[in-house]
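Next comes target00.csv, a file with CSV, C-alpha atoms and all ligand atoms.
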```csv
chain,number,residue,atom,x,y,z
A,356,PRO,CA,88.3,40.6,110.0
A,357,SER,CA,89.4,38.6,113.0
A,358,MET,CA,91.2,35.4,112.3
A,359,SER,CA,88.5,33.4,114.3
A,360,GLU,CA,86.2,34.0,111.3
A,361,ILE,CA,88.5,32.1,109.0
A,362,LEU,CA,87.1,28.6,108.5
A,363,THR,CA,88.8,27.3,105.3
A,364,LEU,CA,91.9,28.0,103.2
A,365,HIS,CA,89.7,29.7,100.7
A,366,ASP,CA,88.9,32.4,103.2
A,367,PHE,CA,92.5,33.6,103.3
A,368,GLU,CA,92.4,34.3,99.6
A,369,ALA,CA,89.2,36.3,99.9
A,370,ILE,CA,90.6,38.5,102.7
A,371,ALA,CA,94.0,38.8,101.0
A,372,ARG,CA,92.4,40.2,97.9
A,373,GLN,CA,90.7,42.9,99.9
A,374,ILE,CA,93.7,44.0,102.1
A,375,MET,CA,96.9,43.2,100.3
A,376,ASN,CA,98.6,45.9,98.3
A,377,GLU,CA,98.0,45.7,94.6
A,378,LYS,CA,101.5,44.7,93.5
A,379,ALA,CA,101.8,41.9,96.0
A,380,TRP,CA,98.3,40.6,95.1
A,381,ALA,CA,99.1,40.8,91.4
A,382,TYR,CA,102.3,38.8,91.8
A,383,TYR,CA,100.9,36.1,94.1
A,384,SER,CA,97.5,35.6,92.5
A,385,SER,CA,98.5,35.9,88.8
A,386,ALA,CA,98.8,33.0,86.4
A,387,ALA,CA,99.7,32.7,82.8
A,388,ASP,CA,97.8,34.1,79.8
A,389,ASP,CA,94.0,33.5,80.1
A,390,GLU,CA,94.5,31.7,83.5
A,391,ILE,CA,92.7,28.6,82.3
A,392,THR,CA,95.2,26.2,84.0
A,393,ILE,CA,95.0,27.9,87.4
A,394,ARG,CA,91.2,27.4,87.4
A,395,GLU,CA,91.6,23.8,86.2
A,396,ASN,CA,94.0,23.0,89.0
A,397,HIS,CA,91.4,23.2,91.7
A,398,ALA,CA,88.5,22.2,89.4
A,399,ALA,CA,90.2,18.9,88.5
A,400,TYR,CA,89.7,17.7,92.1
A,401,HIS,CA,86.0,18.2,91.7
A,402,ARG,CA,85.9,15.3,89.2
A,403,ILE,CA,87.1,12.8,91.8
A,404,TRP,CA,84.7,11.2,94.2
A,405,PHE,CA,85.0,9.1,97.3
A,406,ARG,CA,84.0,5.5,98.0
A,407,PRO,CA,84.2,5.5,101.8
A,408,ARG,CA,84.2,2.3,103.9
A,409,ILE,CA,82.1,1.8,107.1
A,410,LEU,CA,82.5,0.2,110.5
A,411,LYS,CA,86.3,0.6,110.6
A,412,ASN,CA,86.8,1.8,114.2
A,413,VAL,CA,88.0,5.3,113.6
A,414,THR,CA,88.3,6.3,117.3
A,415,HIS,CA,91.9,7.0,116.6
A,416,VAL,CA,93.0,8.3,113.2
A,417,ASP,CA,96.5,9.1,112.1
A,418,TRP,CA,97.5,10.9,109.0
A,419,SER,CA,101.2,11.4,109.7
A,420,THR,CA,103.6,10.1,107.1
A,421,LYS,CA,107.2,10.2,105.8
A,422,ILE,CA,108.4,12.3,102.9
A,423,LEU,CA,111.7,11.2,101.4
A,424,GLY,CA,112.2,9.3,104.7
A,425,LEU,CA,111.6,12.4,106.9
A,426,PRO,CA,108.7,12.6,109.3
A,427,SER,CA,105.8,14.9,108.5
A,428,SER,CA,102.6,15.4,110.5
A,429,MET,CA,100.5,15.5,107.3
A,430,PRO,CA,101.1,14.3,103.7
A,431,ILE,CA,101.7,17.9,102.7
A,432,TYR,CA,104.6,20.3,102.4
A,433,ILE,CA,104.9,24.1,101.9
A,434,THR,CA,106.1,24.5,98.4
A,435,ALA,CA,108.5,27.1,97.1
A,436,THR,CA,107.0,30.5,96.3
A,437,ALA,CA,109.3,33.5,95.6
A,438,LEU,CA,109.3,37.0,97.1
A,439,GLY,CA,107.7,36.4,100.5
A,440,LYS,CA,108.4,40.0,101.6
A,441,LEU,CA,106.0,41.4,99.1
A,442,GLY,CA,103.2,40.1,101.4
A,443,HIS,CA,104.8,40.5,104.9
A,444,PRO,CA,108.0,42.0,106.3
A,445,ASP,CA,109.1,38.6,107.7
A,446,GLY,CA,108.6,37.0,104.4
A,447,GLU,CA,109.5,33.3,104.2
A,448,LEU,CA,110.3,33.2,107.9
A,449,ASN,CA,106.6,33.1,108.6
A,450,LEU,CA,106.5,29.8,106.8
A,451,THR,CA,109.6,28.4,108.5
A,452,ARG,CA,108.3,29.1,112.0
A,453,ALA,CA,104.8,27.9,111.4
A,454,ALA,CA,106.2,24.7,109.7
A,455,ALA,CA,108.3,24.0,112.8
A,456,LYS,CA,105.2,24.3,115.1
A,457,HIS,CA,103.2,21.8,112.9
A,458,GLY,CA,106.0,19.4,112.0
A,459,ILE,CA,105.7,20.3,108.3
A,460,ILE,CA,108.6,20.5,105.7
A,461,GLN,CA,109.2,23.8,104.0
A,462,MET,CA,110.7,24.1,100.5
A,463,ILE,CA,112.9,27.2,100.4
A,464,PRO,CA,112.8,29.0,97.0
A,465,THR,CA,115.9,30.1,95.2
A,466,LEU,CA,114.2,33.5,94.8
A,467,ALA,CA,113.2,34.0,98.5
A,468,SER,CA,113.2,37.5,99.8
A,469,CYS,CA,115.0,36.5,102.9
A,470,SER,CA,118.5,35.1,102.3
A,471,PHE,CA,118.9,31.4,102.2
A,472,ASP,CA,120.9,31.3,105.4
A,473,GLU,CA,118.4,33.5,107.2
A,474,ILE,CA,115.7,30.9,106.4
A,475,VAL,CA,117.9,28.0,107.5
A,476,ASP,CA,118.9,29.8,110.6
A,477,ALA,CA,115.3,30.3,111.5
A,478,ALA,CA,114.6,26.6,111.5
A,479,ALA,CA,114.1,24.8,114.9
A,480,PRO,CA,116.5,22.1,115.9
A,481,GLY,CA,115.8,19.0,113.8
A,482,GLN,CA,113.4,20.9,111.5
A,483,ASN,CA,113.7,19.6,107.9
A,484,GLN,CA,113.8,21.8,104.8
A,485,PHE,CA,114.0,21.3,101.1
A,486,LEU,CA,115.5,23.6,98.5
A,487,GLN,CA,113.9,24.6,95.2
A,488,LEU,CA,116.5,25.3,92.6
A,489,TYR,CA,116.5,27.6,89.6
A,490,VAL,CA,119.6,26.6,87.6
A,491,ASN,CA,121.9,29.5,86.7
A,492,LYS,CA,123.5,29.9,83.3
A,493,GLU,CA,126.7,30.2,85.3
A,494,ARG,CA,126.9,26.7,86.6
A,495,GLU,CA,129.6,27.6,89.2
A,496,ILE,CA,127.0,29.8,91.0
A,497,THR,CA,124.6,26.9,91.0
A,498,LYS,CA,127.2,24.4,92.2
A,499,LYS,CA,128.3,26.7,95.1
A,500,PHE,CA,124.7,27.2,96.1
A,501,VAL,CA,123.8,23.5,96.0
A,502,GLN,CA,126.9,22.5,98.0
A,503,HIS,CA,126.3,25.2,100.5
A,504,ALA,CA,122.7,24.0,100.9
A,505,GLU,CA,123.8,20.5,101.5
A,506,LYS,CA,126.3,21.6,104.1
A,507,ARG,CA,123.5,23.5,105.8
A,508,GLY,CA,121.4,20.4,106.1
A,509,ILE,CA,118.9,20.7,103.3
A,510,LYS,CA,117.3,17.3,102.8
A,511,GLY,CA,116.1,17.4,99.2
A,512,LEU,CA,116.9,19.4,96.0
A,513,PHE,CA,113.8,20.2,93.9
A,514,ILE,CA,115.0,21.3,90.4
A,515,THR,CA,112.4,23.4,88.7
A,516,VAL,CA,112.1,22.2,85.1
A,517,ASP,CA,108.9,24.0,83.9
A,518,ALA,CA,110.4,27.5,83.6
A,519,PRO,CA,113.1,27.8,80.9
A,520,GLN,CA,111.3,31.1,80.4
A,521,LEU,CA,108.9,32.7,82.7
A,522,GLY,CA,105.2,32.6,81.7
A,523,ARG,CA,103.3,35.7,80.8
A,524,ARG,CA,101.4,36.7,83.9
A,525,GLU,CA,99.7,39.8,82.6
A,526,LYS,CA,98.2,41.0,85.9
A,527,ASP,CA,101.7,41.1,87.3
A,528,MET,CA,103.2,42.6,84.1
A,529,ARG,CA,100.9,45.6,84.4
A,530,GLN,CA,102.7,46.4,87.7
A,531,LYS,CA,106.1,47.9,88.0
A,532,PHE,CA,108.3,46.0,90.4
A,533,GLU,CA,110.0,47.9,93.1
A,534,ALA,CA,111.7,45.7,95.6
A,535,GLU,CA,112.6,47.4,98.8
A,536,GLU,CA,115.5,45.1,99.6
A,537,PRO,CA,118.1,43.8,97.1
A,538,ASP,CA,116.8,40.5,95.8
A,539,GLU,CA,118.8,37.4,94.9
A,540,MET,CA,119.5,38.7,91.4
A,541,GLU,CA,121.2,41.9,92.6
A,542,ARG,CA,123.2,40.0,95.2
A,543,ASN,CA,124.5,38.1,92.2
A,544,ASN,CA,125.3,41.5,90.5
A,545,GLU,CA,122.9,41.0,87.7
A,546,LYS,CA,120.9,43.7,86.0
A,547,VAL,CA,117.2,43.7,86.8
A,548,ASP,CA,114.6,45.0,84.5
A,549,ARG,CA,111.8,46.4,86.7
A,550,SER,CA,109.5,47.6,84.0
A,551,GLN,CA,107.4,44.4,83.6
A,552,GLY,CA,106.3,43.1,87.0
A,553,ALA,CA,108.0,41.1,89.7
A,554,ALA,CA,108.3,37.8,87.8
A,555,ARG,CA,110.1,39.2,84.8
A,556,ALA,CA,112.4,41.3,87.0
A,557,ILE,CA,113.8,38.3,88.9
A,558,SER,CA,114.1,35.5,86.4
A,559,SER,CA,116.5,36.4,83.6
A,560,PHE,CA,119.4,34.3,85.1
A,561,ILE,CA,117.5,31.0,84.6
A,562,ASP,CA,119.2,28.7,82.1
A,563,PRO,CA,116.9,27.6,79.2
A,564,GLY,CA,119.7,25.3,78.2
A,565,LEU,CA,119.1,22.9,81.1
A,566,CYS,CA,118.6,19.4,79.9
A,567,TRP,CA,118.6,15.7,80.8
A,568,GLU,CA,122.4,15.4,80.3
A,569,ASP,CA,122.8,17.8,83.3
A,570,MET,CA,121.4,15.3,85.7
A,571,ALA,CA,124.7,13.4,85.9
A,572,TRP,CA,126.4,16.6,86.8
A,573,PHE,CA,123.9,17.3,89.6
A,574,LYS,CA,124.6,13.7,90.9
A,575,SER,CA,128.3,14.5,90.8
A,576,ILE,CA,128.0,17.7,92.9
A,577,THR,CA,125.6,16.6,95.6
A,578,LYS,CA,124.3,13.6,97.6
A,579,MET,CA,121.0,15.2,98.3
A,580,PRO,CA,118.0,13.4,96.8
A,581,LEU,CA,117.2,15.0,93.4
A,582,ILE,CA,113.6,15.7,92.4
A,583,LEU,CA,112.3,17.3,89.2
A,584,LYS,CA,109.6,19.9,89.9
A,585,GLY,CA,107.2,20.5,87.0
A,586,VAL,CA,106.8,17.2,85.2
A,587,GLN,CA,103.7,17.0,83.2
A,588,CYS,CA,103.5,13.6,81.4
A,589,TRP,CA,104.4,10.0,82.1
A,590,GLU,CA,107.2,9.9,79.6
A,591,ASP,CA,109.2,12.4,81.6
A,592,ALA,CA,108.3,10.8,84.9
A,593,LEU,CA,109.6,7.5,83.5
A,594,GLN,CA,112.8,9.0,82.3
A,595,ALA,CA,113.4,10.6,85.8
A,596,TYR,CA,112.9,7.2,87.3
A,597,ASP,CA,115.2,5.5,84.8
A,598,GLU,CA,117.9,8.2,85.5
A,599,GLY,CA,117.9,7.2,89.1
A,600,LEU,CA,116.3,10.4,90.5
A,601,ALA,CA,114.4,10.4,93.8
A,602,GLY,CA,111.1,11.6,92.5
A,603,VAL,CA,109.1,14.1,90.5
A,604,VAL,CA,106.6,16.9,91.3
A,605,LEU,CA,103.6,16.7,88.9
A,606,SER,CA,103.0,20.4,88.7
A,607,ASN,CA,102.2,23.2,86.3
A,608,HIS,CA,103.8,25.9,88.6
A,609,GLY,CA,100.4,26.9,90.0
A,610,GLY,CA,99.2,27.8,86.4
A,611,ARG,CA,101.9,30.4,86.0
A,612,GLN,CA,103.8,28.8,83.2
A,613,LEU,CA,102.2,27.1,80.2
A,614,ASP,CA,98.5,27.9,80.0
A,615,PHE,CA,96.5,24.8,79.1
A,616,ALA,CA,98.9,22.5,81.0
A,617,ARG,CA,96.9,19.8,82.8
A,618,SER,CA,96.4,19.7,86.5
A,619,GLY,CA,98.9,17.7,88.6
A,620,ILE,CA,96.2,15.4,89.9
A,621,GLU,CA,95.2,14.4,86.3
A,622,VAL,CA,98.8,13.8,85.4
A,623,LEU,CA,99.2,11.7,88.5
A,624,VAL,CA,96.6,9.2,87.2
A,625,GLU,CA,98.5,8.6,84.0
A,626,VAL,CA,102.0,8.5,85.6
A,627,VAL,CA,100.9,5.9,88.2
A,628,ALA,CA,99.3,3.7,85.6
A,629,LYS,CA,102.3,3.9,83.2
A,630,LEU,CA,105.1,3.5,85.7
A,631,GLU,CA,103.3,0.6,87.4
A,632,GLU,CA,102.7,-1.0,84.0
A,633,LYS,CA,106.2,-0.4,82.6
A,634,ARG,CA,108.4,-0.8,85.7
A,635,GLY,CA,106.4,-3.0,88.0
A,636,LEU,CA,106.3,-0.3,90.7
A,637,ARG,CA,103.5,0.3,93.2
A,638,PHE,CA,102.7,3.8,94.4
A,639,PRO,CA,103.3,5.2,96.9
A,640,ASN,CA,106.7,3.6,97.5
A,641,ASP,CA,110.1,4.5,99.1
A,642,LYS,CA,112.1,4.3,95.9
A,643,PHE,CA,110.5,6.9,93.7
A,644,ALA,CA,108.2,9.6,95.1
A,645,LEU,CA,105.4,11.2,93.2
A,646,PHE,CA,104.4,14.7,94.5
A,647,VAL,CA,101.6,16.8,93.2
A,648,ASP,CA,100.9,20.5,93.6
A,649,GLY,CA,98.4,23.1,92.3
A,650,GLY,CA,95.0,24.0,93.5
A,651,VAL,CA,95.1,22.0,96.7
A,652,ARG,CA,92.9,23.7,99.3
A,653,ARG,CA,91.2,21.0,101.3
A,654,ALA,CA,92.4,17.9,103.2
A,655,THR,CA,90.0,16.0,100.8
A,656,ASP,CA,92.1,17.2,97.9
A,657,VAL,CA,95.2,15.8,99.6
A,658,ILE,CA,93.5,12.5,100.5
A,659,LYS,CA,92.5,12.0,96.8
A,660,ALA,CA,96.1,12.5,95.7
A,661,VAL,CA,97.4,10.0,98.3
A,662,ALA,CA,94.7,7.5,97.3
A,663,LEU,CA,95.8,7.8,93.7
A,664,GLY,CA,99.5,7.1,94.6
A,665,ALA,CA,101.1,10.5,95.7
A,666,THR,CA,103.5,10.5,98.6
A,667,ALA,CA,102.6,14.1,99.5
A,668,VAL,CA,101.2,17.2,98.1
A,669,GLY,CA,102.6,20.8,97.9
A,670,ILE,CA,100.5,23.8,98.8
A,671,GLY,CA,101.6,27.3,97.8
A,672,ARG,CA,99.3,30.3,97.6
A,673,PRO,CA,97.1,29.6,100.6
A,674,PHE,CA,100.1,30.0,102.9
A,675,LEU,CA,101.2,33.2,101.1
A,676,TYR,CA,97.7,34.7,101.6
A,677,ALA,CA,97.7,33.5,105.2
A,678,PHE,CA,100.9,35.3,106.1
A,679,SER,CA,100.1,38.4,104.0
A,680,THR,CA,96.9,38.8,106.1
A,681,TYR,CA,97.8,37.4,109.6
A,682,GLY,CA,101.6,36.8,109.5
A,683,GLN,CA,103.0,33.6,111.1
A,684,GLU,CA,99.7,33.0,113.0
A,685,GLY,CA,97.9,32.9,109.7
A,686,VAL,CA,100.0,30.1,108.5
A,687,GLU,CA,99.6,28.2,111.7
A,688,LYS,CA,95.9,28.7,111.4
A,689,ALA,CA,95.9,27.3,107.9
A,690,LEU,CA,97.8,24.3,109.0
A,691,GLN,CA,95.4,23.8,111.9
A,692,ILE,CA,92.5,24.0,109.5
A,693,LEU,CA,94.0,21.2,107.4
A,694,HIS,CA,94.7,19.2,110.6
A,695,ASP,CA,91.1,19.4,111.6
A,696,GLU,CA,89.9,18.6,108.1
A,697,PHE,CA,92.1,15.5,108.0
A,698,GLU,CA,90.8,14.2,111.3
A,699,MET,CA,87.2,14.5,110.2
A,700,ASN,CA,87.7,13.2,106.7
A,701,MET,CA,89.8,10.2,107.7
A,702,ARG,CA,87.0,9.2,110.1
A,703,LEU,CA,84.2,9.7,107.5
A,704,LEU,CA,86.2,7.7,104.9
A,705,GLY,CA,86.8,4.8,107.4
A,706,ALA,CA,90.5,5.2,107.1
A,707,PRO,CA,92.4,4.9,110.4
A,708,THR,CA,95.8,5.6,108.8
A,709,LEU,CA,97.1,6.7,105.4
A,710,LYS,CA,97.8,3.1,104.5
A,711,ASP,CA,94.0,2.6,104.5
A,712,VAL,CA,93.6,5.4,102.0
A,713,VAL,CA,93.8,3.0,99.0
A,714,ARG,CA,93.0,3.5,95.4
A,715,ASP,CA,89.5,1.9,95.7
A,716,MET,CA,88.6,4.7,98.0
A,717,VAL,CA,88.3,7.1,95.1
A,718,ASP,CA,86.4,7.1,91.9
A,719,ALA,CA,88.6,8.8,89.4
A,720,SER,CA,86.8,7.4,86.4
A,721,SER,CA,86.0,11.0,85.1
A,722,VAL,CA,89.7,11.7,84.9
A,723,HIS,CA,90.8,11.2,81.4
A,724,GLN,CA,93.4,8.4,81.0
A,725,HIS,CA,96.0,8.4,78.3
B,1,LIG,C1,105.3,30.0,92.7
B,1,LIG,N1,105.9,28.8,92.3
B,1,LIG,C2,107.3,28.7,92.2
B,1,LIG,N2,107.8,27.5,91.8
B,1,LIG,C3,109.2,27.4,91.7
B,1,LIG,O1,109.6,26.3,91.4
B,1,LIG,N3,110.0,28.4,92.0
B,1,LIG,C4,109.5,29.6,92.3
B,1,LIG,O2,110.2,30.6,92.5
B,1,LIG,C5,108.1,29.8,92.5
B,1,LIG,N4,107.5,31.0,92.8
B,1,LIG,C6,106.2,31.1,93.0
B,1,LIG,C7,105.6,32.3,93.4
B,1,LIG,C8,104.3,32.4,93.6
B,1,LIG,C9,103.7,33.7,94.0
B,1,LIG,C10,103.4,31.3,93.4
B,1,LIG,C11,102.0,31.4,93.6
B,1,LIG,C12,104.0,30.1,93.0
B,1,LIG,C13,105.0,27.6,92.1
B,1,LIG,C14,104.8,26.8,93.4
B,1,LIG,O3,105.9,26.1,93.8
B,1,LIG,C15,103.7,25.7,93.1
B,1,LIG,O4,104.0,25.0,92.0
B,1,LIG,C16,102.3,26.3,93.0
B,1,LIG,O5,102.2,27.5,93.8
B,1,LIG,C17,101.2,25.4,93.5
B,1,LIG,O6,100.0,25.9,93.3
B,1,LIG,P1,99.1,26.6,94.4
B,1,LIG,O7,99.1,25.7,95.7
B,1,LIG,O8,99.6,27.9,94.6
B,1,LIG,O9,97.7,26.6,93.8
```

Go through the file and emit its structure as structure tokens.
Amino acid sequence: PSMSEILTLHDFEAIARQIMNEKAWAYYSSAADDEITIRENHAAYHRIWFRPRILKNVTHVDWSTKILGLPSSMPIYITATALGKLGHPDGELNLTRAAAKHGIIQMIPTLASCSFDEIVDAAAPGQNQFLQLYVNKEREITKKFVQHAEKRGIKGLFITVDAPQLGRREKDMRQKFEAEEPDEMERNNEKVDRSQGAARAISSFIDPGLCWEDMAWFKSITKMPLILKGVQCWEDALQAYDEGLAGVVLSNHGGRQLDFARSGIEVLVEVVAKLEEKRGLRFPNDKFALFVDGGVRRATDVIKAVALGATAVGIGRPFLYAFSTYGQEGVEKALQILHDEFEMNMRLLGAPTLKDVVRDMVDASSVHQH
């Protein structure tokens, strides 16, 4: 179908399911076990309702913001998703180029199909990028990678902490993984078991021994802001704050890790309440950033997260489906759809800027509080 028929981010998924090859579809769309959490991720947003304001002069509306001090045209970023070339020959570069056009930050995955340097080289002058890090059992490899990333101008290090072992994504495991190009693992001269899907093939180097004590080491090897990706309760968010980290991503890895993990938006409600209560913080703030990802498909989802205290929200699969179907143009279209949705919804909410998107603008009373 022609791209002009695409009206929402959901449409990319429907088309991707029809036209993507089976292996790529299985890897991108799969989630852990019975896939309860992946369904909950989007469904959780359906329990939050708006309390719009009227007569606010919304002739001009502005939803631009700053993420870790960096300008962003919207309170979203492109989160890290591995193996971009499964969906399109240009892989992650589709995301880099579309992000540049729309003033959006891209988080580069450790397990990108394109090399890290290729993705950084593809960035436009002044374009900001983050790095998602899987920590290697060989800490020297990780240290080199992190320090190289800092030298290349990466603005934030997102350490994935929800994947000491990869979840069982059974749809993916039924496929045999045959990468056309050597992936990151093979570049590191590690053996790859290709018999159980893409995820299993690429993940055996990840260190399950990673722990809180390693945070001091990270601080000693880099000046980049450190953010933990995959926090799922207030206790860990509080510890990250107390350890002096720059923020956390409240995420369950798109439902691909622990099934029955809660949605990021639900966790956000408890994290904001507890950190405000225990440390006298107000969210959002410049000192400690709360990010959320998982199931975000509409500007209204993003606005709900911002109202509840998030700095910005990560979006994964919709961009994968967009470039798997229409390449870079698909990603640009997805960002344009979000742009148009922001404009309309900010007006309808009576919120001229994101500062006006306050907590009273949502009714989150159906979200369980701990
Ligand atoms: C991911 N995600 C992910 N996260 C991470 O820290 N390292 C990684 O390598 C990957 N790889 C990956 C591959 C694919 C195909 C998907 C779908 C996801 C998780 C990702 O960063 C994010 O948490 C979720 O994708 C967010 O959910 P949505 O937007 O996909 O619903």

Residues of chain A that have any atom at most 7 Å from an atom of ligand LIG 1 (chain B): could you tabulate them with the shortest-distance atom pair and the distance in Å to one decimal, using all atoms listed in the file, ordered by chain and increasing number, as a Markdown table?
```
| residue | atom | partner | partner_atom | distance |
| --- | --- | --- | --- | --- |
| A:Tyr382 | CA | B:LIG1 | C9 | 5.7 |
| A:Tyr383 | CA | B:LIG1 | C9 | 3.7 |
| A:Ser384 | CA | B:LIG1 | C11 | 6.3 |
| A:Thr434 | CA | B:LIG1 | O3 | 4.9 |
| A:Ala435 | CA | B:LIG1 | O3 | 4.3 |
| A:Thr436 | CA | B:LIG1 | C6 | 3.4 |
| A:Ala437 | CA | B:LIG1 | N4 | 4.2 |
| A:Pro464 | CA | B:LIG1 | O2 | 5.4 |
| A:Thr465 | CA | B:LIG1 | O2 | 6.3 |
| A:Leu466 | CA | B:LIG1 | O2 | 5.4 |
| A:Gln487 | CA | B:LIG1 | O1 | 6.0 |
| A:Tyr489 | CA | B:LIG1 | N3 | 7.0 |
| A:Thr515 | CA | B:LIG1 | O1 | 4.9 |
| A:Lys584 | CA | B:LIG1 | O1 | 6.6 |
| A:Ser606 | CA | B:LIG1 | O4 | 5.7 |
| A:Asn607 | CA | B:LIG1 | O4 | 6.2 |
| A:His608 | CA | B:LIG1 | O4 | 3.5 |
| A:Gly609 | CA | B:LIG1 | O6 | 3.5 |
| A:Asp648 | CA | B:LIG1 | C17 | 4.9 |
| A:Gly649 | CA | B:LIG1 | O6 | 3.4 |
| A:Gly650 | CA | B:LIG1 | O9 | 3.8 |
| A:Val651 | CA | B:LIG1 | O7 | 5.5 |
| A:Gly669 | CA | B:LIG1 | O7 | 6.4 |
| A:Ile670 | CA | B:LIG1 | O7 | 3.9 |
| A:Gly671 | CA | B:LIG1 | O7 | 3.6 |
| A:Arg672 | CA | B:LIG1 | O8 | 3.9 |
| A:Pro673 | CA | B:LIG1 | O7 | 6.6 |
```

d(atom CA of A:Phe485, atom CA of A:Lys510) in Å
5.5 Å

My list of candidates is A:Arg637, A:His457, A:Arg452, A:Arg394. Which is closest to A:Asp614 when distances are computed with all atoms listed in the file?
A:Arg394

Name all residues at most 12 Å from A:Arg408 (count all atoms listed in the file; drop same-chain ones fewer than 5 positions away) and give them as a PDB file with C-alpha atoms, keeping the file's coordinate frame.
```pdb
ATOM      1  CA  VAL A 413      88.000   5.300 113.600  1.00  0.00           C
ATOM      2  CA  ASN A 700      87.700  13.200 106.700  1.00  0.00           C
ATOM      3  CA  MET A 701      89.800  10.200 107.700  1.00  0.00           C
ATOM      4  CA  ARG A 702      87.000   9.200 110.100  1.00  0.00           C
ATOM      5  CA  LEU A 703      84.200   9.700 107.500  1.00  0.00           C
ATOM      6  CA  LEU A 704      86.200   7.700 104.900  1.00  0.00           C
ATOM      7  CA  GLY A 705      86.800   4.800 107.400  1.00  0.00           C
ATOM      8  CA  ALA A 706      90.500   5.200 107.100  1.00  0.00           C
ATOM      9  CA  PRO A 707      92.400   4.900 110.400  1.00  0.00           C
ATOM     10  CA  ASP A 711      94.000   2.600 104.500  1.00  0.00           C
ATOM     11  CA  VAL A 712      93.600   5.400 102.000  1.00  0.00           C
ATOM     12  CA  VAL A 713      93.800   3.000  99.000  1.00  0.00           C
ATOM     13  CA  ASP A 715      89.500   1.900  95.700  1.00  0.00           C
ATOM     14  CA  MET A 716      88.600   4.700  98.000  1.00  0.00           C
ATOM     15  CA  VAL A 717      88.300   7.100  95.100  1.00  0.00           C
TER      16      VAL A 717
END
```

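For the set A:Ile409, A:Leu605, A:Ala386, A:Ala504, the residue with the smallest atom-to-atom gap to A:Thr666 is A:Leu605, counting all atoms listed in the file.
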
Can you measure atom CA of A:Pro580 to atom CA of A:Gly511 for me? One decimal in Å is fine.
5.0 Å

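Here atom CA of A:Phe674 is placed at a distance of 17.8 Å from atom CA of A:Asn483.
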
Please list as a count of residues only every residue within 12 Å of A:Lys633, counting all atoms listed in the file and excluding residues in the same chain fewer than 4 positions away.
13

Non-local contacts of A:Lys498 (12 Å; all atoms listed in the file; under 3 positions in same chain excluded) as number ranges by chain:
A: 488-495, 501-505, 569, 572-577

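In terms of minimum interatomic distance to A:Thr451, A:Val686 ranks closest within A:Ala371, A:Val686, A:Ala660, A:Val722, counting all atoms listed in the file.
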
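Nearest-residue note for A:His443: choosing from A:Ala677, A:Ala387, A:Leu690, A:Ile370, the minimum distance belongs to A:Ala677, counting only C-alpha atoms.
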
Is it possible to get the residues within 12 Å of (118.6, 29.5, 109.2) (coordinates as in the file, counting all atoms listed in the file) written as a list in words?
Glu447, Leu448, Thr451, Arg452, Ile463, Cys469, Ser470, Phe471, Asp472, Glu473, Ile474, Val475, Asp476, Ala477, Ala478, Ala479, Pro480, Gly481, Gln482, Asn483, Gln484, Ala504, Arg507, Gly508 and Ile509 of chain A

Which protein, DNA or RNA residues are at most 9 Å from (105.7, 8.7, 95.0) in the file's coordinates when you count only C-alpha atoms, listed as a PyMOL selection string?
chain A and resi 601-603+627+637-646+664-667

Generate a file for stretch 388-397 of chain A, containing N, CA and C atoms, as a tab-separated table (two decimals), in the first residue's frame.
```tsv
chain	number	residue	atom	x	y	z
A	388	ASP	N	7.57	-15.30	26.65
A	388	ASP	CA	6.60	-16.27	27.14
A	388	ASP	C	5.21	-16.11	26.50
A	389	ASP	N	4.21	-15.83	27.33
A	389	ASP	CA	2.84	-15.73	26.83
A	389	ASP	C	2.50	-14.32	26.32
A	390	GLU	N	3.49	-13.44	26.28
A	390	GLU	CA	3.33	-12.10	25.72
A	390	GLU	C	2.23	-11.30	26.44
A	391	ILE	N	2.15	-11.49	27.74
A	391	ILE	CA	1.17	-10.75	28.54
A	391	ILE	C	1.65	-9.31	28.74
A	392	THR	N	2.93	-9.16	29.05
A	392	THR	CA	3.45	-7.82	29.31
A	392	THR	C	3.41	-6.93	28.07
A	393	ILE	N	3.74	-7.49	26.90
A	393	ILE	CA	3.72	-6.64	25.71
A	393	ILE	C	2.31	-6.09	25.48
A	394	ARG	N	1.29	-6.90	25.74
A	394	ARG	CA	-0.09	-6.43	25.57
A	394	ARG	C	-0.43	-5.36	26.61
A	395	GLU	N	0.02	-5.61	27.84
A	395	GLU	CA	-0.24	-4.67	28.92
A	395	GLU	C	0.42	-3.31	28.67
A	396	ASN	N	1.60	-3.32	28.01
A	396	ASN	CA	2.32	-2.06	27.80
A	396	ASN	C	1.43	-1.01	27.15
A	397	HIS	N	0.76	-1.38	26.09
A	397	HIS	CA	-0.12	-0.40	25.46
A	397	HIS	C	-1.43	-0.25	26.22
```
